[in-house]
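Here the structure comes first, spelled out in structure tokens, and everything after it is commentary.
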Amino acid sequence: MAPPAAPHTQNTLTDRLLNLVKTLQFSWFMGHLTLLLCTIRYSISVVRFNSTSTIAQFSYRLAFLSAAVTYGIVVFKAYRGKLARGGQGSPQQQALALLGDENVQYLVMAFIWLYSKPIWFALWPFTVYSTFHFLTYLRTNVIPTFIPATITAPGPTAGSPRPSVGVVTQHPISEAISRFVKQNYDTSMHLVSNLEIFLFVRLLLGAVVFANSWVLLLAYATFLRVRYTQSQFVRQAFTSLDKKGDALVNDARVPEQVRSAWIVGKDILKKVADATEFGKPAPSSVPRKAQ
């Protein structure tokens, strides 16, 4: 999640640019931009059936390295003060609190993907997040640096007990980005949740045919289990998948073996979920909308 936007108080463009690029937040922004560019480059290689080329492999690794940097910056800014003060609770409680942070979870997964065999679909959830973080920072920091918002002096207001306040006008591109982010935020969160479930299925099938390791599947399953507890969007995605699967297998044309396999699979997942329950879903864990 992006740190608060820095105010642009310098008069000249050079001053504003220097004030922008010297912040840690700008490095965070560049990490998201690098991830997006590397994802596009790697996707082109995949479409061309050339994903094993040197440039493709470099793009893939750099994308997840960038993801690790961006989430690492957020975690650093969030916990440096707490660590300096010594934190609260026992070391075990502090470790559990740290691992319960979704930014820490995505940081860990970024490193896991970085050192694992390339899987194209693993980039997609990170790409969706980076798209919105990139656009938000572009709107709140980059565009105002080059084109500061204008303040229109209001006309006289007779009989008003308070002084008139000027109207701040953002650049039309900033306003368009703001509308896009607000209108598509929930949709993007649902998209990420479905992509993460799809990725689990990909890893499961890959483990069966030895295309990826069972250890990687176990690590990702743990990550997804935690996300299920913390994210209402992931829970909604599983509920939707459950309903769609039931509707599909209840069709008379579906063989009985497929219907039985679906029921057995759901039963196994439910038992695993019950056995690994470590807390009730947190209603307050819904990610905040980008401003």
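Each chain in the structure tokens gets a letter, A, B and so on, in the order shown; residues start at 1 in every chain, and ligands are counted from 1 in the order they appear.
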
Contacts of segment 94-132 of chain A with segment 207-230 of chain A up to 9 Å, shortest pair per row, only C-alpha atoms, as CSV:
residue,atom,partner,partner_atom,distance
A:Gly100,CA,A:Val226,CA,8.0
A:Glu102,CA,A:Arg227,CA,7.9
A:Gln105,CA,A:Phe223,CA,7.0
A:Tyr106,CA,A:Phe223,CA,8.6
A:Met109,CA,A:Tyr220,CA,7.7
A:Ile112,CA,A:Leu216,CA,8.1
A:Trp113,CA,A:Leu216,CA,9.0
A:Ser116,CA,A:Leu216,CA,8.0
A:Lys117,CA,A:Asn212,CA,7.3

Skipping near chain neighbours, those fewer than 4 positions away, what residues fall within 10 Å of Ser174 of chain A using only C-alpha atoms, listed as a PyMOL selection string? chain A and resi 135-136+138-144+149+169-170+178-180

Quick one: everything within 12 Å of segment 124-126 of chain A, counting only C-alpha atoms, minus sequence neighbours fewer than 5 positions away in the same chain. Send it as an mmCIF file with all heavy atoms, in the first residue's frame.
data_model
loop_
_atom_site.group_PDB
_atom_site.id
_atom_site.type_symbol
_atom_site.label_atom_id
_atom_site.label_comp_id
_atom_site.auth_asym_id
_atom_site.auth_seq_id
_atom_site.Cartn_x
_atom_site.Cartn_y
_atom_site.Cartn_z
ATOM 1 N N GLY A 31 9.819 0.587 -8.565
ATOM 2 C CA GLY A 31 9.715 -0.871 -8.476
ATOM 3 C C GLY A 31 8.472 -1.384 -9.164
ATOM 4 O O GLY A 31 8.515 -2.380 -9.900
ATOM 5 N N HIS A 32 7.346 -0.702 -8.943
ATOM 6 C CA HIS A 32 6.099 -1.111 -9.600
ATOM 7 C C HIS A 32 6.187 -0.910 -11.116
ATOM 8 O O HIS A 32 5.717 -1.758 -11.887
ATOM 9 C CB HIS A 32 4.917 -0.319 -9.041
ATOM 10 C CG HIS A 32 4.512 -0.744 -7.660
ATOM 11 N ND1 HIS A 32 4.043 -2.015 -7.385
ATOM 12 C CD2 HIS A 32 4.507 -0.080 -6.485
ATOM 13 C CE1 HIS A 32 3.751 -2.109 -6.098
ATOM 14 N NE2 HIS A 32 4.031 -0.953 -5.529
ATOM 15 N N LEU A 33 6.779 0.196 -11.539
ATOM 16 C CA LEU A 33 6.936 0.444 -12.975
ATOM 17 C C LEU A 33 7.810 -0.628 -13.615
ATOM 18 O O LEU A 33 7.489 -1.144 -14.693
ATOM 19 C CB LEU A 33 7.539 1.831 -13.194
ATOM 20 C CG LEU A 33 7.875 2.199 -14.643
ATOM 21 C CD1 LEU A 33 6.629 2.146 -15.512
ATOM 22 C CD2 LEU A 33 8.526 3.580 -14.701
ATOM 23 N N THR A 34 8.902 -0.979 -12.960
ATOM 24 C CA THR A 34 9.792 -2.020 -13.485
ATOM 25 C C THR A 34 9.086 -3.352 -13.578
ATOM 26 O O THR A 34 9.229 -4.096 -14.564
ATOM 27 C CB THR A 34 11.043 -2.151 -12.590
ATOM 28 O OG1 THR A 34 11.696 -0.885 -12.500
ATOM 29 C CG2 THR A 34 12.012 -3.177 -13.155
ATOM 30 N N LEU A 35 8.296 -3.682 -12.565
ATOM 31 C CA LEU A 35 7.544 -4.940 -12.596
ATOM 32 C C LEU A 35 6.591 -4.972 -13.791
ATOM 33 O O LEU A 35 6.490 -5.993 -14.492
ATOM 34 C CB LEU A 35 6.766 -5.110 -11.292
ATOM 35 C CG LEU A 35 6.078 -6.466 -11.067
ATOM 36 C CD1 LEU A 35 5.978 -6.758 -9.564
ATOM 37 C CD2 LEU A 35 4.672 -6.499 -11.672
ATOM 38 N N LEU A 36 5.895 -3.877 -14.034
ATOM 39 C CA LEU A 36 4.952 -3.833 -15.146
ATOM 40 C C LEU A 36 5.667 -3.992 -16.492
ATOM 41 O O LEU A 36 5.223 -4.756 -17.366
ATOM 42 C CB LEU A 36 4.174 -2.515 -15.122
ATOM 43 C CG LEU A 36 3.206 -2.331 -13.938
ATOM 44 C CD1 LEU A 36 2.618 -0.932 -13.951
ATOM 45 C CD2 LEU A 36 2.098 -3.369 -14.000
ATOM 46 N N CYS A 38 8.604 -5.374 -17.073
ATOM 47 C CA CYS A 38 9.185 -6.723 -17.185
ATOM 48 C C CYS A 38 8.102 -7.763 -17.455
ATOM 49 O O CYS A 38 8.333 -8.730 -18.199
ATOM 50 C CB CYS A 38 9.940 -7.079 -15.912
ATOM 51 S SG CYS A 38 11.483 -6.156 -15.694
ATOM 52 N N THR A 39 6.928 -7.570 -16.867
ATOM 53 C CA THR A 39 5.826 -8.498 -17.120
ATOM 54 C C THR A 39 5.401 -8.442 -18.582
ATOM 55 O O THR A 39 5.143 -9.476 -19.214
ATOM 56 C CB THR A 39 4.626 -8.172 -16.215
ATOM 57 O OG1 THR A 39 5.017 -8.317 -14.844
ATOM 58 C CG2 THR A 39 3.459 -9.099 -16.505
ATOM 59 N N ILE A 40 5.329 -7.229 -19.121
ATOM 60 C CA ILE A 40 4.975 -7.087 -20.541
ATOM 61 C C ILE A 40 6.023 -7.768 -21.419
ATOM 62 O O ILE A 40 5.684 -8.508 -22.358
ATOM 63 C CB ILE A 40 4.844 -5.595 -20.904
ATOM 64 C CG1 ILE A 40 3.643 -4.976 -20.189
ATOM 65 C CG2 ILE A 40 4.703 -5.424 -22.422
ATOM 66 C CD1 ILE A 40 3.547 -3.470 -20.356
ATOM 67 N N TYR A 42 8.150 -10.215 -20.622
ATOM 68 C CA TYR A 42 8.114 -11.666 -20.468
ATOM 69 C C TYR A 42 6.872 -12.252 -21.146
ATOM 70 O O TYR A 42 6.940 -13.333 -21.750
ATOM 71 C CB TYR A 42 8.122 -12.044 -18.991
ATOM 72 C CG TYR A 42 8.168 -13.528 -18.752
ATOM 73 C CD1 TYR A 42 9.348 -14.249 -18.961
ATOM 74 C CD2 TYR A 42 7.043 -14.226 -18.342
ATOM 75 C CE1 TYR A 42 9.402 -15.619 -18.758
ATOM 76 C CE2 TYR A 42 7.080 -15.599 -18.135
ATOM 77 C CZ TYR A 42 8.255 -16.284 -18.335
ATOM 78 O OH TYR A 42 8.299 -17.647 -18.138
ATOM 79 N N SER A 43 5.752 -11.546 -21.073
ATOM 80 C CA SER A 43 4.523 -12.034 -21.713
ATOM 81 C C SER A 43 4.682 -12.106 -23.220
ATOM 82 O O SER A 43 4.175 -13.033 -23.865
ATOM 83 C CB SER A 43 3.347 -11.112 -21.343
ATOM 84 O OG SER A 43 3.122 -11.111 -19.948
ATOM 85 N N TYR A 60 11.714 -11.967 -16.207
ATOM 86 C CA TYR A 60 10.924 -12.649 -15.171
ATOM 87 C C TYR A 60 11.552 -12.448 -13.791
ATOM 88 O O TYR A 60 10.864 -12.092 -12.825
ATOM 89 C CB TYR A 60 10.828 -14.132 -15.511
ATOM 90 C CG TYR A 60 9.988 -14.932 -14.552
ATOM 91 C CD1 TYR A 60 8.607 -15.062 -14.749
ATOM 92 C CD2 TYR A 60 10.553 -15.567 -13.449
ATOM 93 C CE1 TYR A 60 7.827 -15.789 -13.866
ATOM 94 C CE2 TYR A 60 9.779 -16.293 -12.562
ATOM 95 C CZ TYR A 60 8.413 -16.411 -12.779
ATOM 96 O OH TYR A 60 7.637 -17.134 -11.892
ATOM 97 N N ALA A 63 11.283 -8.874 -12.588
ATOM 98 C CA ALA A 63 9.923 -8.532 -12.180
ATOM 99 C C ALA A 63 9.691 -8.888 -10.717
ATOM 100 O O ALA A 63 9.172 -8.073 -9.933
ATOM 101 C CB ALA A 63 8.912 -9.254 -13.072
ATOM 102 N N PHE A 64 10.080 -10.098 -10.319
ATOM 103 C CA PHE A 64 9.860 -10.499 -8.934
ATOM 104 C C PHE A 64 10.864 -9.845 -7.982
ATOM 105 O O PHE A 64 10.549 -9.636 -6.808
ATOM 106 C CB PHE A 64 9.890 -12.017 -8.811
ATOM 107 C CG PHE A 64 8.581 -12.643 -9.180
ATOM 108 C CD1 PHE A 64 8.487 -13.481 -10.281
ATOM 109 C CD2 PHE A 64 7.443 -12.374 -8.446
ATOM 110 C CE1 PHE A 64 7.267 -14.049 -10.636
ATOM 111 C CE2 PHE A 64 6.215 -12.929 -8.801
ATOM 112 C CZ PHE A 64 6.127 -13.772 -9.896
ATOM 113 N N LEU A 65 12.045 -9.522 -8.470
ATOM 114 C CA LEU A 65 12.966 -8.755 -7.642
ATOM 115 C C LEU A 65 12.372 -7.375 -7.357
ATOM 116 O O LEU A 65 12.461 -6.861 -6.227
ATOM 117 C CB LEU A 65 14.316 -8.616 -8.339
ATOM 118 C CG LEU A 65 15.380 -7.812 -7.586
ATOM 119 C CD1 LEU A 65 15.691 -8.446 -6.234
ATOM 120 C CD2 LEU A 65 16.652 -7.703 -8.429
ATOM 121 N N SER A 66 11.757 -6.781 -8.369
ATOM 122 C CA SER A 66 11.098 -5.485 -8.189
ATOM 123 C C SER A 66 9.935 -5.595 -7.216
ATOM 124 O O SER A 66 9.719 -4.701 -6.382
ATOM 125 C CB SER A 66 10.605 -4.953 -9.540
ATOM 126 O OG SER A 66 11.679 -4.799 -10.451
ATOM 127 N N ALA A 67 9.178 -6.691 -7.312
ATOM 128 C CA ALA A 67 8.072 -6.902 -6.373
ATOM 129 C C ALA A 67 8.596 -7.008 -4.948
ATOM 130 O O ALA A 67 8.024 -6.431 -4.015
ATOM 131 C CB ALA A 67 7.300 -8.162 -6.754
ATOM 132 N N ALA A 68 9.698 -7.732 -4.780
ATOM 133 C CA ALA A 68 10.284 -7.867 -3.441
ATOM 134 C C ALA A 68 10.744 -6.507 -2.908
ATOM 135 O O ALA A 68 10.576 -6.213 -1.715
ATOM 136 C CB ALA A 68 11.458 -8.846 -3.491
ATOM 137 N N THR A 70 9.498 -3.487 -3.699
ATOM 138 C CA THR A 70 8.352 -2.638 -3.368
ATOM 139 C C THR A 70 7.705 -3.058 -2.049
ATOM 140 O O THR A 70 7.416 -2.212 -1.189
ATOM 141 C CB THR A 70 7.298 -2.675 -4.488
ATOM 142 O OG1 THR A 70 6.866 -4.025 -4.705
ATOM 143 C CG2 THR A 70 7.860 -2.128 -5.785
ATOM 144 N N TYR A 71 7.482 -4.361 -1.879
ATOM 145 C CA TYR A 71 6.878 -4.817 -0.623
ATOM 146 C C TYR A 71 7.861 -4.686 0.530
ATOM 147 O O TYR A 71 7.455 -4.430 1.677
ATOM 148 C CB TYR A 71 6.386 -6.258 -0.762
ATOM 149 C CG TYR A 71 5.098 -6.347 -1.535
ATOM 150 C CD1 TYR A 71 5.095 -6.698 -2.883
ATOM 151 C CD2 TYR A 71 3.881 -6.062 -0.931
ATOM 152 C CE1 TYR A 71 3.912 -6.757 -3.603
ATOM 153 C CE2 TYR A 71 2.694 -6.115 -1.643
ATOM 154 C CZ TYR A 71 2.711 -6.465 -2.984
ATOM 155 O OH TYR A 71 1.542 -6.517 -3.692
ATOM 156 N N ASN A 103 1.403 -7.517 3.521
ATOM 157 C CA ASN A 103 2.583 -7.062 2.783
ATOM 158 C C ASN A 103 3.770 -7.998 3.004
ATOM 159 O O ASN A 103 4.549 -8.251 2.084
ATOM 160 C CB ASN A 103 2.944 -5.637 3.216
ATOM 161 C CG ASN A 103 1.938 -4.617 2.753
ATOM 162 O OD1 ASN A 103 1.617 -4.527 1.573
ATOM 163 N ND2 ASN A 103 1.415 -3.843 3.684
ATOM 164 N N TYR A 106 3.127 -11.178 0.845
ATOM 165 C CA TYR A 106 3.458 -11.002 -0.572
ATOM 166 C C TYR A 106 4.961 -10.819 -0.766
ATOM 167 O O TYR A 106 5.501 -11.196 -1.815
ATOM 168 C CB TYR A 106 2.684 -9.818 -1.157
ATOM 169 C CG TYR A 106 1.261 -10.169 -1.518
ATOM 170 C CD1 TYR A 106 0.204 -9.843 -0.675
ATOM 171 C CD2 TYR A 106 0.981 -10.859 -2.687
ATOM 172 C CE1 TYR A 106 -1.098 -10.176 -0.999
ATOM 173 C CE2 TYR A 106 -0.319 -11.198 -3.026
ATOM 174 C CZ TYR A 106 -1.357 -10.856 -2.176
ATOM 175 O OH TYR A 106 -2.647 -11.206 -2.487
ATOM 176 N N LEU A 107 5.635 -10.253 0.211
ATOM 177 C CA LEU A 107 7.090 -10.149 0.145
ATOM 178 C C LEU A 107 7.718 -11.541 0.130
ATOM 179 O O LEU A 107 8.620 -11.816 -0.686
ATOM 180 C CB LEU A 107 7.606 -9.344 1.337
ATOM 181 C CG LEU A 107 9.127 -9.277 1.522
ATOM 182 C CD1 LEU A 107 9.786 -8.607 0.321
ATOM 183 C CD2 LEU A 107 9.471 -8.536 2.809
ATOM 184 N N MET A 109 6.260 -14.357 -0.783
ATOM 185 C CA MET A 109 5.925 -15.031 -2.039
ATOM 186 C C MET A 109 6.750 -14.483 -3.200
ATOM 187 O O MET A 109 7.124 -15.243 -4.106
ATOM 188 C CB MET A 109 4.439 -14.877 -2.353
ATOM 189 C CG MET A 109 3.520 -15.777 -1.546
ATOM 190 S SD MET A 109 3.978 -17.532 -1.588
ATOM 191 C CE MET A 109 4.073 -17.855 -3.351
ATOM 192 N N ALA A 110 7.056 -13.194 -3.174
ATOM 193 C CA ALA A 110 7.887 -12.624 -4.242
ATOM 194 C C ALA A 110 9.250 -13.291 -4.264
ATOM 195 O O ALA A 110 9.787 -13.622 -5.338
ATOM 196 C CB ALA A 110 8.017 -11.111 -4.058
ATOM 197 N N TRP A 113 8.852 -16.923 -5.628
ATOM 198 C CA TRP A 113 8.738 -16.962 -7.091
ATOM 199 C C TRP A 113 10.060 -16.578 -7.746
ATOM 200 O O TRP A 113 10.393 -17.089 -8.818
ATOM 201 C CB TRP A 113 7.630 -16.013 -7.558
ATOM 202 C CG TRP A 113 6.249 -16.390 -7.153
ATOM 203 C CD1 TRP A 113 5.347 -15.621 -6.477
ATOM 204 C CD2 TRP A 113 5.586 -17.628 -7.409
ATOM 205 N NE1 TRP A 113 4.183 -16.303 -6.284
ATOM 206 C CE2 TRP A 113 4.289 -17.535 -6.850
ATOM 207 C CE3 TRP A 113 5.950 -18.811 -8.049
ATOM 208 C CZ2 TRP A 113 3.380 -18.570 -6.916
ATOM 209 C CZ3 TRP A 113 5.040 -19.859 -8.103
ATOM 210 C CH2 TRP A 113 3.771 -19.728 -7.544
ATOM 211 N N ILE A 119 6.898 -19.381 -13.744
ATOM 212 C CA ILE A 119 5.496 -19.698 -14.016
ATOM 213 C C ILE A 119 4.827 -18.378 -14.378
ATOM 214 O O ILE A 119 4.712 -17.481 -13.534
ATOM 215 C CB ILE A 119 4.805 -20.351 -12.809
ATOM 216 C CG1 ILE A 119 5.475 -21.687 -12.483
ATOM 217 C CG2 ILE A 119 3.319 -20.564 -13.079
ATOM 218 C CD1 ILE A 119 4.897 -22.381 -11.256
ATOM 219 N N THR A 131 -0.321 -2.274 -11.096
ATOM 220 C CA THR A 131 -1.013 -1.348 -11.987
ATOM 221 C C THR A 131 -1.716 -0.252 -11.200
ATOM 222 O O THR A 131 -1.598 0.938 -11.515
ATOM 223 C CB THR A 131 -2.035 -2.110 -12.853
ATOM 224 O OG1 THR A 131 -1.345 -3.068 -13.662
ATOM 225 C CG2 THR A 131 -2.801 -1.147 -13.744
ATOM 226 N N PHE A 132 -2.416 -0.643 -10.147
ATOM 227 C CA PHE A 132 -3.159 0.347 -9.369
ATOM 228 C C PHE A 132 -2.234 1.197 -8.502
ATOM 229 O O PHE A 132 -2.474 2.398 -8.334
ATOM 230 C CB PHE A 132 -4.222 -0.359 -8.519
ATOM 231 C CG PHE A 132 -5.455 -0.710 -9.301
ATOM 232 C CD1 PHE A 132 -5.483 -1.828 -10.120
ATOM 233 C CD2 PHE A 132 -6.570 0.101 -9.255
ATOM 234 C CE1 PHE A 132 -6.612 -2.136 -10.863
ATOM 235 C CE2 PHE A 132 -7.702 -0.199 -9.987
ATOM 236 C CZ PHE A 132 -7.732 -1.323 -10.801
ATOM 237 N N HIS A 133 -1.177 0.598 -7.953
ATOM 238 C CA HIS A 133 -0.224 1.394 -7.183
ATOM 239 C C HIS A 133 0.493 2.397 -8.087
ATOM 240 O O HIS A 133 0.711 3.555 -7.703
ATOM 241 C CB HIS A 133 0.800 0.478 -6.523
ATOM 242 C CG HIS A 133 0.242 -0.321 -5.384
ATOM 243 N ND1 HIS A 133 -0.608 0.212 -4.447
ATOM 244 C CD2 HIS A 133 0.426 -1.624 -5.032
ATOM 245 C CE1 HIS A 133 -0.930 -0.711 -3.560
ATOM 246 N NE2 HIS A 133 -0.319 -1.834 -3.895
ATOM 247 N N PHE A 134 0.865 1.954 -9.280
ATOM 248 C CA PHE A 134 1.533 2.832 -10.239
ATOM 249 C C PHE A 134 0.639 4.006 -10.615
ATOM 250 O O PHE A 134 1.065 5.169 -10.613
ATOM 251 C CB PHE A 134 1.919 2.035 -11.488
ATOM 252 C CG PHE A 134 2.371 2.881 -12.642
ATOM 253 C CD1 PHE A 134 3.662 3.378 -12.696
ATOM 254 C CD2 PHE A 134 1.495 3.188 -13.676
ATOM 255 C CE1 PHE A 134 4.079 4.174 -13.769
ATOM 256 C CE2 PHE A 134 1.902 3.974 -14.747
ATOM 257 C CZ PHE A 134 3.196 4.467 -14.782
ATOM 258 N N SER A 188 -10.836 -5.249 -9.437
ATOM 259 C CA SER A 188 -9.451 -5.721 -9.486
ATOM 260 C C SER A 188 -9.152 -6.668 -8.323
ATOM 261 O O SER A 188 -8.413 -7.646 -8.489
ATOM 262 C CB SER A 188 -8.482 -4.535 -9.455
ATOM 263 O OG SER A 188 -8.472 -3.903 -8.186
ATOM 264 N N MET A 189 -9.717 -6.408 -7.145
ATOM 265 C CA MET A 189 -9.500 -7.291 -6.006
ATOM 266 C C MET A 189 -10.141 -8.664 -6.236
ATOM 267 O O MET A 189 -9.567 -9.702 -5.883
ATOM 268 C CB MET A 189 -10.066 -6.662 -4.732
ATOM 269 C CG MET A 189 -9.356 -5.402 -4.267
ATOM 270 S SD MET A 189 -7.603 -5.651 -3.878
ATOM 271 C CE MET A 189 -6.838 -5.050 -5.387
ATOM 272 N N HIS A 190 -11.318 -8.664 -6.845
ATOM 273 C CA HIS A 190 -11.949 -9.942 -7.201
ATOM 274 C C HIS A 190 -11.110 -10.668 -8.262
ATOM 275 O O HIS A 190 -10.973 -11.899 -8.211
ATOM 276 C CB HIS A 190 -13.365 -9.703 -7.717
ATOM 277 C CG HIS A 190 -14.357 -9.346 -6.648
ATOM 278 N ND1 HIS A 190 -14.726 -10.236 -5.659
ATOM 279 C CD2 HIS A 190 -15.047 -8.204 -6.410
ATOM 280 C CE1 HIS A 190 -15.604 -9.655 -4.851
ATOM 281 N NE2 HIS A 190 -15.814 -8.433 -5.284
ATOM 282 N N LEU A 191 -10.571 -9.910 -9.194
ATOM 283 C CA LEU A 191 -9.727 -10.509 -10.236
ATOM 284 C C LEU A 191 -8.497 -11.150 -9.621
ATOM 285 O O LEU A 191 -8.139 -12.291 -9.966
ATOM 286 C CB LEU A 191 -9.316 -9.440 -11.242
ATOM 287 C CG LEU A 191 -8.325 -9.877 -12.328
ATOM 288 C CD1 LEU A 191 -8.908 -11.011 -13.168
ATOM 289 C CD2 LEU A 191 -7.933 -8.692 -13.212
ATOM 290 N N VAL A 192 -7.827 -10.444 -8.705
ATOM 291 C CA VAL A 192 -6.636 -10.991 -8.051
ATOM 292 C C VAL A 192 -6.983 -12.272 -7.304
ATOM 293 O O VAL A 192 -6.237 -13.264 -7.363
ATOM 294 C CB VAL A 192 -6.022 -9.956 -7.099
ATOM 295 C CG1 VAL A 192 -4.973 -10.607 -6.200
ATOM 296 C CG2 VAL A 192 -5.388 -8.825 -7.891
ATOM 297 N N SER A 193 -8.100 -12.276 -6.583
ATOM 298 C CA SER A 193 -8.497 -13.457 -5.815
ATOM 299 C C SER A 193 -8.713 -14.666 -6.728
ATOM 300 O O SER A 193 -8.271 -15.777 -6.427
ATOM 301 C CB SER A 193 -9.779 -13.159 -5.029
ATOM 302 O OG SER A 193 -9.569 -12.101 -4.116
ATOM 303 N N ASN A 194 -9.378 -14.452 -7.849
ATOM 304 C CA ASN A 194 -9.599 -15.558 -8.788
ATOM 305 C C ASN A 194 -8.297 -16.007 -9.440
ATOM 306 O O ASN A 194 -8.100 -17.208 -9.677
ATOM 307 C CB ASN A 194 -10.615 -15.130 -9.854
ATOM 308 C CG ASN A 194 -12.040 -15.137 -9.343
ATOM 309 O OD1 ASN A 194 -12.674 -16.189 -9.241
ATOM 310 N ND2 ASN A 194 -12.563 -13.971 -9.005
ATOM 311 N N LEU A 195 -7.411 -15.065 -9.718
ATOM 312 C CA LEU A 195 -6.106 -15.422 -10.286
ATOM 313 C C LEU A 195 -5.297 -16.259 -9.301
ATOM 314 O O LEU A 195 -4.613 -17.212 -9.688
ATOM 315 C CB LEU A 195 -5.333 -14.160 -10.660
ATOM 316 C CG LEU A 195 -5.824 -13.391 -11.892
ATOM 317 C CD1 LEU A 195 -5.060 -12.082 -12.037
ATOM 318 C CD2 LEU A 195 -5.682 -14.229 -13.157
ATOM 319 N N GLU A 196 -5.384 -15.924 -8.021
ATOM 320 C CA GLU A 196 -4.630 -16.675 -7.014
ATOM 321 C C GLU A 196 -5.177 -18.090 -6.856
ATOM 322 O O GLU A 196 -4.405 -19.032 -6.648
ATOM 323 C CB GLU A 196 -4.660 -15.920 -5.683
ATOM 324 C CG GLU A 196 -3.823 -14.644 -5.727
ATOM 325 C CD GLU A 196 -3.888 -13.827 -4.462
ATOM 326 O OE1 GLU A 196 -4.844 -14.010 -3.674
ATOM 327 O OE2 GLU A 196 -2.984 -12.997 -4.236
ATOM 328 N N ILE A 197 -6.489 -18.254 -6.971
ATOM 329 C CA ILE A 197 -7.065 -19.602 -6.930
ATOM 330 C C ILE A 197 -6.677 -20.385 -8.182
ATOM 331 O O ILE A 197 -6.324 -21.566 -8.113
ATOM 332 C CB ILE A 197 -8.597 -19.522 -6.792
ATOM 333 C CG1 ILE A 197 -8.965 -18.888 -5.445
ATOM 334 C CG2 ILE A 197 -9.230 -20.906 -6.909
ATOM 335 C CD1 ILE A 197 -10.450 -18.630 -5.275
ATOM 336 N N PHE A 198 -6.735 -19.716 -9.332
ATOM 337 C CA PHE A 198 -6.333 -20.363 -10.578
ATOM 338 C C PHE A 198 -4.871 -20.801 -10.509
ATOM 339 O O PHE A 198 -4.506 -21.888 -10.986
ATOM 340 C CB PHE A 198 -6.533 -19.392 -11.743
ATOM 341 C CG PHE A 198 -6.004 -19.905 -13.053
ATOM 342 C CD1 PHE A 198 -6.699 -20.846 -13.782
ATOM 343 C CD2 PHE A 198 -4.789 -19.446 -13.550
ATOM 344 C CE1 PHE A 198 -6.200 -21.324 -14.995
ATOM 345 C CE2 PHE A 198 -4.286 -19.913 -14.746
ATOM 346 C CZ PHE A 198 -5.000 -20.857 -15.475
ATOM 347 N N LEU A 199 -4.038 -19.971 -9.905
ATOM 348 C CA LEU A 199 -2.624 -20.312 -9.776
ATOM 349 C C LEU A 199 -2.435 -21.543 -8.894
ATOM 350 O O LEU A 199 -1.549 -22.371 -9.156
ATOM 351 C CB LEU A 199 -1.861 -19.119 -9.202
ATOM 352 C CG LEU A 199 -0.346 -19.273 -9.026
ATOM 353 C CD1 LEU A 199 0.321 -19.679 -10.341
ATOM 354 C CD2 LEU A 199 0.260 -17.971 -8.511
#

For the strand (DSSP E) assignment from backbone DSSP, which residues of segment 3-207 of chain A qualify? Please present them as JSON, numbers by chain. {"A": [150, 151, 152, 167, 168, 169]}

Quick one: residues within 8 Å of segment 242-251 of chain A, only C-alpha atoms, excluding same-chain residues fewer than 6 positions away - as a list in words?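 Answer for this query is Val258, Arg259 and Trp262 of chain A.
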
Running DSSP on the backbone, which parts of segment 1-228 of chain A land in alpha helix (DSSP H), as a ChimeraX atom specification? /A:13-21,24-47,54-84,91-99,102-114,123-137,143-146,172-208,214-228

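We find atom CA of Thr127 of chain A and atom CA of Gly81 of chain A to be spaced 29.2 Å apart.
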